[in-house]
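Source file input.cif; content: mmCIF, C-alpha atoms.
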data_final
#
loop_
_atom_site.label_atom_id
_atom_site.label_comp_id
_atom_site.auth_asym_id
_atom_site.auth_seq_id
_atom_site.Cartn_x
_atom_site.Cartn_y
_atom_site.Cartn_z
CA MET A 531 106.19 73.96 110.46
CA ILE A 532 104.84 77.33 109.53
CA ARG A 533 101.34 78.71 109.05
CA VAL A 534 100.02 82.10 108.00
CA GLN A 535 96.37 82.61 108.84
CA ARG A 536 93.64 85.10 109.62
CA GLU A 537 92.17 82.98 112.43
CA ASP A 538 93.20 82.99 116.07
CA PHE A 539 95.20 80.08 117.54
CA ASP A 540 95.23 78.06 120.76
CA ALA A 541 98.85 78.06 121.93
CA GLN A 542 98.47 75.24 124.41
CA ALA A 543 96.68 72.94 121.98
CA GLU A 544 99.29 73.70 119.31
CA ALA A 545 102.15 72.92 121.70
CA ARG A 546 100.58 69.67 122.81
CA ALA A 547 99.92 68.54 119.24
CA LEU A 548 103.43 69.54 118.11
CA VAL A 549 105.20 67.18 120.51
CA ALA A 550 102.54 64.46 120.80
CA GLY A 551 104.22 61.05 120.82
CA ASN A 552 107.77 62.46 120.70
CA HIS A 553 109.30 61.38 124.00
CA ARG A 554 112.76 62.71 123.15
CA VAL A 555 111.39 66.17 123.93
CA GLY A 556 112.36 67.45 127.38
CA GLY A 557 111.45 71.10 127.01
CA VAL A 558 108.91 73.17 125.08
CA VAL A 559 109.11 76.96 124.85
CA THR A 560 106.04 78.88 123.69
CA PHE A 561 106.09 82.56 122.75
CA VAL A 562 102.88 84.46 122.02
CA GLY A 563 102.98 88.02 120.70
CA LEU A 564 99.96 90.24 121.46
CA VAL A 565 98.62 93.53 120.13
CA ARG A 566 99.51 96.29 122.58
CA ALA A 567 96.90 98.93 123.38
CA ASN A 568 99.33 101.78 122.83
CA ALA A 569 102.01 102.96 120.44
CA GLY A 570 104.10 105.29 122.56
CA GLU A 571 101.62 107.87 123.87
CA THR A 572 98.92 107.02 121.34
CA ALA A 573 96.07 104.64 122.21
CA ILE A 574 95.48 102.07 119.47
CA ASP A 575 91.97 101.03 118.40
CA ALA A 576 93.05 98.36 115.93
CA MET A 577 96.01 97.00 114.04
CA THR A 578 95.79 95.58 110.53
CA LEU A 579 98.54 93.25 109.36
CA GLU A 580 99.23 93.11 105.66
CA HIS A 581 101.59 90.51 104.18
CA TYR A 582 102.99 89.21 100.91
CA PRO A 583 101.35 85.83 100.37
CA GLY A 584 103.86 83.33 99.05
CA MET A 585 106.98 85.19 100.11
CA THR A 586 105.81 85.24 103.72
CA GLU A 587 105.61 81.46 103.82
CA ARG A 588 108.97 81.11 102.07
CA GLU A 589 110.72 83.48 104.48
CA LEU A 590 109.22 81.83 107.56
CA ALA A 591 110.22 78.38 106.27
CA LYS A 592 113.79 79.65 105.66
CA ILE A 593 113.96 81.09 109.17
CA GLU A 594 112.76 77.81 110.66
CA ALA A 595 115.31 75.86 108.59
CA GLU A 596 118.06 78.20 109.80
CA ALA A 597 117.07 77.61 113.43
CA ARG A 598 117.21 73.87 112.87
CA THR A 599 120.78 74.09 111.56
CA ARG A 600 121.80 76.02 114.71
CA TRP A 601 120.04 74.04 117.46
CA PRO A 602 119.03 70.39 117.85
CA LEU A 603 115.27 70.97 117.70
CA GLU A 604 112.79 68.13 117.89
CA ALA A 605 109.98 70.34 116.62
CA ALA A 606 109.22 73.95 115.75
CA LEU A 607 106.08 75.84 114.80
CA ILE A 608 105.52 79.42 113.67
CA VAL A 609 101.96 80.71 113.30
CA HIS A 610 101.56 84.33 112.18
CA ARG A 611 98.22 86.05 111.76
CA TYR A 612 97.20 88.75 109.30
CA GLY A 613 94.14 90.96 108.93
CA ARG A 614 92.48 93.26 111.44
CA LEU A 615 93.34 92.73 115.13
CA THR A 616 92.49 94.67 118.28
CA PRO A 617 94.43 95.20 121.53
CA GLY A 618 94.90 91.95 123.44
CA ASP A 619 94.59 89.81 120.30
CA GLN A 620 97.27 87.23 119.60
CA ILE A 621 99.46 88.03 116.56
CA VAL A 622 102.22 85.45 116.48
CA LEU A 623 102.99 82.07 118.01
CA VAL A 624 106.46 80.50 118.08
CA ILE A 625 106.92 77.08 119.67
CA THR A 626 110.24 75.28 119.93
CA ALA A 627 110.80 71.83 121.41
CA ALA A 628 114.12 70.15 122.16
CA ALA A 629 115.64 67.47 124.39
CA HIS A 630 117.00 70.20 126.66
CA ARG A 631 115.73 73.65 127.54
CA GLN A 632 118.76 75.67 126.37
CA ALA A 633 118.17 74.86 122.70
CA ALA A 634 114.43 75.45 122.98
CA PHE A 635 114.88 78.87 124.64
CA ALA A 636 117.64 80.06 122.32
CA ALA A 637 115.95 78.89 119.13
CA ASN A 638 112.68 80.49 120.17
CA GLU A 639 114.28 83.88 120.73
CA PHE A 640 116.17 83.58 117.46
CA LEU A 641 112.98 82.78 115.52
CA VAL A 642 111.12 85.77 116.97
CA ASP A 643 114.04 88.14 116.36
CA TRP A 644 114.52 86.97 112.78
CA LEU A 645 110.91 86.86 111.72
CA LYS A 646 110.49 90.47 112.88
CA THR A 647 113.17 91.64 110.46
CA LYS A 648 112.71 89.19 107.56
CA ALA A 649 109.09 88.04 107.18
CA PRO A 650 107.18 90.44 104.89
CA PHE A 651 104.46 91.71 107.24
CA TRP A 652 103.46 95.34 107.78
CA LYS A 653 101.40 96.77 110.62
CA LEU A 654 98.89 99.56 110.09
CA GLU A 655 97.75 101.10 113.37
CA ALA A 656 94.40 102.83 113.68
CA SER A 657 93.79 105.38 116.44
CA THR A 658 91.59 108.43 116.95
CA GLN A 659 94.30 110.33 115.05
CA GLY A 660 93.83 108.19 111.95
CA GLU A 661 95.80 105.37 110.41
CA GLN A 662 99.55 105.08 110.43
CA TRP A 663 101.99 102.48 109.11
CA VAL A 664 104.30 101.26 111.85
CA GLU A 665 107.95 102.04 111.16
CA ALA A 666 110.62 99.37 111.47
CA ARG A 667 112.49 99.66 114.75
CA ALA A 668 116.26 99.89 114.95
CA ALA A 669 116.03 97.85 118.17
CA ASP A 670 114.56 94.93 116.19
CA ASP A 671 117.41 95.08 113.66
CA HIS A 672 119.86 95.14 116.54
CA ALA A 673 118.20 92.12 118.18
CA ALA A 674 118.31 90.16 114.92
CA LYS A 675 121.98 91.00 114.30
CA ARG A 676 122.98 89.40 117.60
CA TRP A 677 122.52 86.05 115.89
CA VAL A 678 124.79 86.74 112.93
CA ALA A 679 128.06 84.86 113.33
CA GLU A 680 131.11 87.08 113.75
CA MET B 219 106.92 91.89 84.32
CA LYS B 220 104.65 91.98 87.34
CA VAL B 221 105.28 94.69 89.97
CA LEU B 222 103.65 94.51 93.41
CA TYR B 223 103.44 97.31 95.99
CA PHE B 224 102.77 96.80 99.69
CA ALA B 225 101.89 98.91 102.75
CA TRP B 226 102.50 102.64 102.29
CA LEU B 227 104.15 102.11 98.92
CA LYS B 228 100.81 100.82 97.66
CA ALA B 229 98.99 103.84 99.11
CA ARG B 230 101.45 106.32 97.62
CA ALA B 231 101.73 104.63 94.23
CA GLY B 232 97.94 104.36 94.17
CA ILE B 233 98.19 100.81 92.86
CA GLY B 234 98.79 97.38 94.40
CA GLU B 235 99.84 95.50 91.33
CA GLU B 236 100.64 96.27 87.71
CA THR B 237 102.09 94.59 84.68
CA VAL B 238 104.79 96.66 83.02
CA THR B 239 106.96 96.33 79.94
CA PRO B 240 110.09 98.38 80.50
CA PRO B 241 112.56 98.85 77.63
CA PRO B 242 115.30 96.20 77.33
CA GLU B 243 117.98 98.44 78.85
CA VAL B 244 116.10 98.25 82.16
CA ALA B 245 117.88 95.09 83.28
CA THR B 246 118.50 95.59 87.01
CA VAL B 247 116.40 96.38 90.07
CA GLY B 248 118.02 99.83 90.30
CA ALA B 249 117.22 100.67 86.68
CA LEU B 250 113.66 99.38 87.13
CA LEU B 251 113.07 101.61 90.17
CA ALA B 252 114.33 104.65 88.25
CA TRP B 253 112.04 103.76 85.34
CA LEU B 254 109.00 103.14 87.59
CA LYS B 255 109.55 106.48 89.34
CA ALA B 256 108.81 108.30 86.09
CA ARG B 257 105.47 106.53 85.51
CA SER B 258 103.32 108.85 87.66
CA PRO B 259 103.55 111.40 90.49
CA GLY B 260 102.30 108.61 92.80
CA HIS B 261 105.12 106.32 91.74
CA ALA B 262 107.59 109.16 92.26
CA ARG B 263 106.21 109.71 95.80
CA ALA B 264 106.36 105.99 96.63
CA LEU B 265 109.94 105.67 95.41
CA ALA B 266 111.27 109.05 96.56
CA ASP B 267 113.49 107.60 99.30
CA LEU B 268 114.99 104.28 98.29
CA ALA B 269 116.61 103.90 101.73
CA VAL B 270 113.18 102.82 103.01
CA VAL B 271 112.25 100.62 100.05
CA ARG B 272 112.93 96.90 100.12
CA VAL B 273 112.81 94.78 96.96
CA ALA B 274 112.06 91.14 96.32
CA VAL B 275 112.47 89.47 92.94
CA ASN B 276 110.43 86.28 92.60
CA GLN B 277 109.79 86.39 96.35
CA GLU B 278 113.48 86.55 97.33
CA TYR B 279 115.10 89.68 98.77
CA ALA B 280 117.15 91.43 96.08
CA THR B 281 119.64 94.28 95.90
CA LEU B 282 119.72 97.17 93.42
CA ASP B 283 122.22 95.41 91.18
CA ALA B 284 120.14 92.21 90.90
CA PRO B 285 118.99 91.38 87.36
CA VAL B 286 115.30 91.60 86.40
CA GLY B 287 113.55 90.36 83.28
CA ALA B 288 110.18 90.13 81.56
CA ASN B 289 108.98 87.05 83.45
CA ASP B 290 109.90 88.24 86.94
CA GLU B 291 107.64 89.21 89.82
CA VAL B 292 109.12 92.25 91.53
CA ALA B 293 107.74 93.37 94.89
CA LEU B 294 108.41 96.77 96.49
CA PHE B 295 107.72 97.36 100.15
CA PRO B 296 108.89 99.20 103.29
CA PRO B 297 111.09 97.57 105.95
CA VAL B 298 109.01 94.80 107.53
CA THR B 299 107.22 95.19 110.87
CA GLY B 300 105.75 91.78 111.69
CA GLY B 301 105.99 89.72 114.84
#
What would the structure in this file look like if it were written as structure tokens?
Amino acid sequence: MIRVQREDFDAQAEARALVAGNHRVGGVVTFVGLVRANAGETAIDAMTLEHYPGMTERELAKIEAEARTRWPLEAALIVHRYGRLTPGDQIVLVITAAAHRQAAFAANEFLVDWLKTKAPFWKLEASTQGEQWVEARAADDHAAKRWVAE
Amino acid sequence: MKVLYFAWLKARAGIGEETVTPPPEVATVGALLAWLKARSPGHARALADLAVVRVAVNQEYATLDAPVGANDEVALFPPVTGG
């Protein structure tokens, strides 16, 4: 399941609801991404996430489907926020549930790595020095490429 | 054809969305970008370095040789930075 929303989320409530009644699940991995208070040396006042409505949902759904072909997941949920956020705010939630922990851990990391390089979101950071669009990081591309089959 | 601009491409182009009617010989993403570049100084600034421009046609990632037509939605944006 995927959701793109302005509102905050409750990770624990989402995880509980996701696996409610499914007793094949033996492990649930929850990842929450937060807004950091700094970008390198610069202190951040706020971060605004822009996205491409429609394509965002399609890309996230494709990424989830890809994870399901690679690992035996019982359930998966991606929630990504957009709009104006401040340091400490939650940005993204990825929950994976499987019979055994290995699949849940691996699929979770895969989903985070892939959504960072494929889902059409852009971060605009605001600091005392003005506003600046965040540049894509080579380290994120590298992390995503780990999952491409040789 | 609908063209959408996101993030700093929108700021540089000075427009978030426009409907354009390129001539029929503009049949690929690459040709469209070259044609859009000539529309205004803002467009030229936005599309100056195509190495940092990503393209989606009808909400699917597309390469420069992908075909485009009158009924397509073409989106132009920088490399993504979500998560």
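Residues in contact range of B:Leu265, defined as at most 12 Å between only C-alpha atoms, with sequence neighbours fewer than 5 positions away removed, read Tyr223, Trp226, Leu227, Lys228, Ala229, Arg230, Ala231, Gly248, Leu250, Leu251, Ala252, Trp253, Leu254, Lys255, Ala256, Arg257, Ser258, Pro259, Gly260, Val270, Val271, Arg272, Val273, Leu294, Phe295 and Pro296 of chain B.
Using all atoms listed in the file, the shortest contact distance between A:Ala605 and any of A:Thr560, A:Thr586, A:Asn568, A:Gln620 is found at A:Thr560.
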Write out, as a Markdown table, each residue of stretch 610-634 of chain A that has an atom at most 10 Å from stretch 542-558 of chain A, together with the closest pair of atoms and their distance in Å to one decimal, counting all atoms listed in the file, rows going by chain and rising number.
| residue | atom | partner | partner_atom | distance |
| --- | --- | --- | --- | --- |
| A:Leu623 | CA | A:Glu544 | CA | 9.2 |
| A:Val624 | CA | A:Ala545 | CA | 9.4 |
| A:Ile625 | CA | A:Ala545 | CA | 6.6 |
| A:Thr626 | CA | A:Val558 | CA | 5.7 |
| A:Ala627 | CA | A:Val558 | CA | 4.3 |
| A:Ala628 | CA | A:Val555 | CA | 5.1 |
| A:Ala629 | CA | A:Gly556 | CA | 4.4 |
| A:His630 | CA | A:Gly556 | CA | 5.4 |
| A:Arg631 | CA | A:Gly557 | CA | 5.0 |
| A:Gln632 | CA | A:Gly557 | CA | 8.6 |
| A:Ala633 | CA | A:Gly557 | CA | 8.8 |
| A:Ala634 | CA | A:Val558 | CA | 6.3 |
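Considering the residues B:Ala262, B:Leu222, B:Leu268, B:Ala288 and counting all atoms listed in the file, chain A has its shortest atom-to-atom contact with B:Leu222.
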Inset, instruction - Restrict the distance test to only C-alpha atoms, flag each residue of chain A within 8 Å of chain B, and return the flagged residues as an MDAnalysis selection string. - result: chainID A and resid 563 579:582 584:585 588 610 621:622 642 645:654 663:667
Would you save the residues from that selection as a PDB file, keeping the file's coordinate frame, using C-alpha atoms?
ATOM      1  CA  GLY A 563     102.980  88.020 120.700  1.00  0.00           C
ATOM      2  CA  LEU A 579      98.540  93.250 109.360  1.00  0.00           C
ATOM      3  CA  GLU A 580      99.230  93.110 105.660  1.00  0.00           C
ATOM      4  CA  HIS A 581     101.590  90.510 104.180  1.00  0.00           C
ATOM      5  CA  TYR A 582     102.990  89.210 100.910  1.00  0.00           C
ATOM      6  CA  GLY A 584     103.860  83.330  99.050  1.00  0.00           C
ATOM      7  CA  MET A 585     106.980  85.190 100.110  1.00  0.00           C
ATOM      8  CA  ARG A 588     108.970  81.110 102.070  1.00  0.00           C
ATOM      9  CA  HIS A 610     101.560  84.330 112.180  1.00  0.00           C
ATOM     10  CA  ILE A 621      99.460  88.030 116.560  1.00  0.00           C
ATOM     11  CA  VAL A 622     102.220  85.450 116.480  1.00  0.00           C
ATOM     12  CA  VAL A 642     111.120  85.770 116.970  1.00  0.00           C
ATOM     13  CA  LEU A 645     110.910  86.860 111.720  1.00  0.00           C
ATOM     14  CA  LYS A 646     110.490  90.470 112.880  1.00  0.00           C
ATOM     15  CA  THR A 647     113.170  91.640 110.460  1.00  0.00           C
ATOM     16  CA  LYS A 648     112.710  89.190 107.560  1.00  0.00           C
ATOM     17  CA  ALA A 649     109.090  88.040 107.180  1.00  0.00           C
ATOM     18  CA  PRO A 650     107.180  90.440 104.890  1.00  0.00           C
ATOM     19  CA  PHE A 651     104.460  91.710 107.240  1.00  0.00           C
ATOM     20  CA  TRP A 652     103.460  95.340 107.780  1.00  0.00           C
ATOM     21  CA  LYS A 653     101.400  96.770 110.620  1.00  0.00           C
ATOM     22  CA  LEU A 654      98.890  99.560 110.090  1.00  0.00           C
ATOM     23  CA  TRP A 663     101.990 102.480 109.110  1.00  0.00           C
ATOM     24  CA  VAL A 664     104.300 101.260 111.850  1.00  0.00           C
ATOM     25  CA  GLU A 665     107.950 102.040 111.160  1.00  0.00           C
ATOM     26  CA  ALA A 666     110.620  99.370 111.470  1.00  0.00           C
ATOM     27  CA  ARG A 667     112.490  99.660 114.750  1.00  0.00           C
TER      28      ARG A 667
END
Inset, instruction - Record the distance separating atom CA of A:Ala637 and atom CA of A:Ala669, expressed in Å with one decimal. - result: 19.0 Å
Output as a PDB file, in the frame of the given file: stretch 635-650 of chain A, completed with N, CA and C atoms.
ATOM      1  N   PHE A 635     114.923  77.441 124.331  1.00  0.00           N
ATOM      2  CA  PHE A 635     114.880  78.870 124.640  1.00  0.00           C
ATOM      3  C   PHE A 635     115.600  79.694 123.572  1.00  0.00           C
ATOM      4  N   ALA A 636     116.829  79.284 123.259  1.00  0.00           N
ATOM      5  CA  ALA A 636     117.640  80.060 122.320  1.00  0.00           C
ATOM      6  C   ALA A 636     117.008  80.101 120.938  1.00  0.00           C
ATOM      7  N   ALA A 637     116.549  78.950 120.468  1.00  0.00           N
ATOM      8  CA  ALA A 637     115.950  78.890 119.130  1.00  0.00           C
ATOM      9  C   ALA A 637     114.678  79.720 119.068  1.00  0.00           C
ATOM     10  N   ASN A 638     113.923  79.727 120.153  1.00  0.00           N
ATOM     11  CA  ASN A 638     112.680  80.490 120.170  1.00  0.00           C
ATOM     12  C   ASN A 638     112.968  81.985 120.021  1.00  0.00           C
ATOM     13  N   GLU A 639     113.944  82.458 120.792  1.00  0.00           N
ATOM     14  CA  GLU A 639     114.280  83.880 120.730  1.00  0.00           C
ATOM     15  C   GLU A 639     114.818  84.250 119.345  1.00  0.00           C
ATOM     16  N   PHE A 640     115.636  83.380 118.807  1.00  0.00           N
ATOM     17  CA  PHE A 640     116.170  83.580 117.460  1.00  0.00           C
ATOM     18  C   PHE A 640     115.033  83.695 116.435  1.00  0.00           C
ATOM     19  N   LEU A 641     114.086  82.778 116.499  1.00  0.00           N
ATOM     20  CA  LEU A 641     112.980  82.780 115.520  1.00  0.00           C
ATOM     21  C   LEU A 641     112.178  84.076 115.607  1.00  0.00           C
ATOM     22  N   VAL A 642     111.897  84.532 116.822  1.00  0.00           N
ATOM     23  CA  VAL A 642     111.120  85.770 116.970  1.00  0.00           C
ATOM     24  C   VAL A 642     111.921  86.958 116.432  1.00  0.00           C
ATOM     25  N   ASP A 643     113.194  87.027 116.823  1.00  0.00           N
ATOM     26  CA  ASP A 643     114.040  88.140 116.360  1.00  0.00           C
ATOM     27  C   ASP A 643     114.124  88.166 114.835  1.00  0.00           C
ATOM     28  N   TRP A 644     114.320  87.007 114.238  1.00  0.00           N
ATOM     29  CA  TRP A 644     114.520  86.970 112.780  1.00  0.00           C
ATOM     30  C   TRP A 644     113.234  87.207 112.008  1.00  0.00           C
ATOM     31  N   LEU A 645     112.141  86.662 112.499  1.00  0.00           N
ATOM     32  CA  LEU A 645     110.910  86.860 111.720  1.00  0.00           C
ATOM     33  C   LEU A 645     110.491  88.333 111.736  1.00  0.00           C
ATOM     34  N   LYS A 646     110.824  89.052 112.809  1.00  0.00           N
ATOM     35  CA  LYS A 646     110.490  90.470 112.880  1.00  0.00           C
ATOM     36  C   LYS A 646     111.221  91.290 111.828  1.00  0.00           C
ATOM     37  N   THR A 647     112.396  90.840 111.416  1.00  0.00           N
ATOM     38  CA  THR A 647     113.170  91.640 110.460  1.00  0.00           C
ATOM     39  C   THR A 647     113.175  91.048 109.053  1.00  0.00           C
ATOM     40  N   LYS A 648     112.642  89.827 108.880  1.00  0.00           N
ATOM     41  CA  LYS A 648     112.710  89.190 107.560  1.00  0.00           C
ATOM     42  C   LYS A 648     111.353  88.852 106.941  1.00  0.00           C
ATOM     43  N   ALA A 649     110.373  88.462 107.755  1.00  0.00           N
ATOM     44  CA  ALA A 649     109.090  88.040 107.180  1.00  0.00           C
ATOM     45  C   ALA A 649     108.314  89.272 106.697  1.00  0.00           C
ATOM     46  N   PRO A 650     107.825  89.242 105.439  1.00  0.00           N
ATOM     47  CA  PRO A 650     107.180  90.440 104.890  1.00  0.00           C
ATOM     48  C   PRO A 650     105.763  90.679 105.422  1.00  0.00           C
TER      49      PRO A 650
END
